[in-house]
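To keep things clear, I will list the structure first and then write my remarks on it.
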Amino acid sequence: MTRVRRGYTARRRRTKIRLFASTFRGAHSRLTRTITQQKMRALVFSHRDRGRQKRDFRRLWITRINAVARETRVLYSYSKLIHNLYKKQLLLNRKIPAQIAVSNKNCLYMISNKILK
């Protein structure tokens with residue numbers, strides 16, 4: 001039986017993995033077996049943290065809205081502000097009021113006064 005030269009396919013597969021791990025430190029970017037392990041680990045973390053990132057930003061937005069609401073005595077709390085938004089059927093997600101709260105506190109105060117009337 002003749003000898004099979006497998007260099008092309010295997011080398012292409014390894015270089016593709018190496019390009020993914022080129023920014024990793026130490027053996028994680030040099031040794032093929034550890035590169036594949038770190039690649040799987042990195043992909044697991046990225047998948048997990050996409051969901052976590054959404055949660056973290058929602059928490060940040062809620063904290064910002066609540067801080068401005070309590071500071072300007074808009075409605076004394078975040079929950080009352082959101083409740084009144086829903087009652088008036090103003091469907092704003094938390095990102096927009098948080099940006100308004102950071103950039104222009106008076107605008108959020110005006111919105112809350114319109115809701116109450």
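Going by the structure tokens order, chains are called A, B, ..., each with residues numbered from 1, while ligands are numbered from 1 in the order shown.
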Item to complete: Might you pull out every residue within 12 Å of Arg25 (chain A), with only C-alpha atoms counted and same-chain residues fewer than 6 positions away left off, and present them as a ChimeraX atom specification?
Response: /A:31,34-35,38
Enumerate, in order of chain and increasing residue number, the residues of region 19-98 of chain A with an atom no farther than 10 Å from region 102-112 of chain A, each with its shortest atom pair and distance in Å to one decimal, counting only C-alpha atoms, as a Markdown table.
```
| residue | atom | partner | partner_atom | distance |
| --- | --- | --- | --- | --- |
| A:Trp61 | CA | A:Val102 | CA | 9.8 |
| A:Arg64 | CA | A:Val102 | CA | 7.4 |
| A:Ile65 | CA | A:Val102 | CA | 8.4 |
| A:Ala67 | CA | A:Val102 | CA | 10.0 |
| A:Val68 | CA | A:Lys105 | CA | 6.9 |
| A:Ala69 | CA | A:Tyr109 | CA | 7.9 |
| A:Glu71 | CA | A:Lys105 | CA | 9.5 |
| A:Thr72 | CA | A:Tyr109 | CA | 7.2 |
| A:Arg73 | CA | A:Tyr109 | CA | 8.4 |
| A:Val74 | CA | A:Tyr109 | CA | 5.8 |
| A:Leu75 | CA | A:Ser112 | CA | 7.4 |
| A:Leu81 | CA | A:Ser112 | CA | 7.1 |
| A:Ile82 | CA | A:Ser112 | CA | 9.7 |
| A:Asn84 | CA | A:Ser112 | CA | 8.4 |
| A:Leu85 | CA | A:Ser112 | CA | 8.4 |
| A:Pro97 | CA | A:Leu108 | CA | 7.1 |
| A:Ala98 | CA | A:Val102 | CA | 6.3 |
```
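Atom to atom, CA of Tyr76 (chain A) and CA of Lys54 (chain A) stand 26.2 Å apart.
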Worksheet item: Between A:Arg94, A:Thr36, A:Gly51, A:His83, which has the minimum distance to Arg13 (chain A) (counting only C-alpha atoms)?
Response: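 Closest residue, counting only C-alpha atoms: A:Thr36.
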Worksheet entry | Point-to-point distance from CA of Ser29 (chain A) to CA of Arg12 (chain A), Å rounded to tenths |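 So the answer is 16.0 Å.
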Residue set, region 2-115 of chain A restricted to helix (DSSP H, G or I), as a compact mmCIF listing (two decimals) with C-alpha atoms, in the first residue's frame:
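This is the output file part_13.txt:
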```
# COMPACT_ATOMS: atom_id res chain seq x y z
CA GLY A 7 -0.16 17.43 5.14
CA TYR A 8 -2.42 19.74 3.13
CA THR A 9 -5.77 19.04 4.80
CA ALA A 10 -4.44 18.77 8.32
CA ARG A 11 -2.26 21.86 7.94
CA ARG A 12 -5.17 23.91 6.63
CA ARG A 13 -7.33 22.84 9.58
CA ARG A 14 -4.59 23.66 12.09
CA THR A 15 -3.80 27.06 10.60
CA LYS A 16 -7.48 27.97 10.75
CA ILE A 17 -7.52 27.11 14.45
CA ARG A 18 -4.21 28.96 14.97
CA LEU A 19 -5.61 32.13 13.41
CA PHE A 20 -8.46 32.04 15.93
CA GLY A 26 1.78 31.32 25.83
CA ALA A 27 1.09 27.74 24.84
CA HIS A 28 -2.55 28.60 24.21
CA SER A 29 -1.48 30.13 20.91
CA THR A 32 -2.34 22.56 18.70
CA ARG A 33 -4.02 20.56 21.44
CA THR A 34 -4.18 23.44 23.90
CA ILE A 35 -5.31 25.76 21.10
CA THR A 36 -8.33 23.55 20.39
CA GLN A 37 -9.14 23.33 24.10
CA GLN A 38 -8.91 27.09 24.52
CA LYS A 39 -10.99 27.66 21.39
CA MET A 40 -13.82 25.52 22.77
CA ARG A 41 -13.53 27.28 26.11
CA ALA A 42 -13.59 30.72 24.49
CA LEU A 43 -16.64 29.88 22.41
CA VAL A 44 -18.48 28.61 25.49
CA PHE A 45 -17.66 31.83 27.34
CA SER A 46 -18.73 34.02 24.44
CA HIS A 47 -22.04 32.19 24.14
CA ARG A 48 -22.69 32.45 27.88
CA ASP A 49 -21.68 36.10 28.11
CA ARG A 50 -23.93 37.24 25.27
CA GLY A 51 -26.88 36.53 27.53
CA ARG A 52 -25.10 37.95 30.54
CA GLN A 53 -24.29 41.16 28.66
CA LYS A 54 -28.00 41.76 27.99
CA ARG A 55 -28.77 41.30 31.69
CA ASP A 56 -25.93 43.56 32.77
CA PHE A 57 -26.96 46.41 30.47
CA ARG A 58 -30.59 46.14 31.57
CA ARG A 59 -29.45 46.38 35.21
CA LEU A 60 -27.29 49.40 34.37
CA TRP A 61 -30.16 51.18 32.61
CA ILE A 62 -32.54 50.49 35.50
CA THR A 63 -29.98 51.83 37.99
CA ARG A 64 -29.46 55.02 35.97
CA ILE A 65 -33.18 55.70 35.61
CA ASN A 66 -33.77 55.04 39.29
CA ALA A 67 -30.93 57.33 40.36
CA VAL A 68 -32.21 60.25 38.29
CA ALA A 69 -35.82 59.59 39.30
CA ARG A 70 -34.93 59.72 43.00
CA GLU A 71 -32.56 62.67 42.57
CA TYR A 78 -38.13 53.71 39.17
CA SER A 79 -40.97 51.25 39.58
CA LYS A 80 -43.62 53.97 39.80
CA LEU A 81 -42.19 55.68 36.72
CA ILE A 82 -42.29 52.48 34.65
CA HIS A 83 -45.76 51.63 35.97
CA ASN A 84 -47.10 55.00 34.86
CA LEU A 85 -45.40 54.62 31.47
CA TYR A 86 -47.26 51.37 30.94
CA LYS A 87 -50.54 52.86 32.16
CA LYS A 95 -32.36 51.97 27.12
CA ILE A 96 -33.98 55.18 25.86
CA PRO A 97 -35.01 56.64 29.25
CA ALA A 98 -31.55 55.73 30.59
CA GLN A 99 -29.88 57.69 27.78
CA ILE A 100 -32.24 60.59 28.42
CA ALA A 101 -31.46 60.40 32.15
CA VAL A 102 -27.72 60.61 31.51
CA SER A 103 -27.76 63.31 28.85
CA LYS A 105 -32.25 65.06 33.40
CA ASN A 106 -34.82 67.80 32.83
CA CYS A 107 -36.19 65.96 29.81
CA LEU A 108 -36.94 62.90 31.94
CA TYR A 109 -38.59 65.21 34.48
CA MET A 110 -40.78 66.67 31.72
CA ILE A 111 -41.75 63.21 30.48
CA SER A 112 -42.77 62.16 33.97
CA ASN A 113 -44.88 65.31 34.39
CA LYS A 114 -46.68 64.58 31.12
CA ILE A 115 -47.38 61.06 32.34
```
Worksheet item: Rounded to one decimal in Å, what is the spacing between CA of Leu116 (chain A) and CA of Ser77 (chain A)?
Response: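 So the two atoms, CA of Leu116 (chain A) and CA of Ser77 (chain A), lie 13.9 Å apart.
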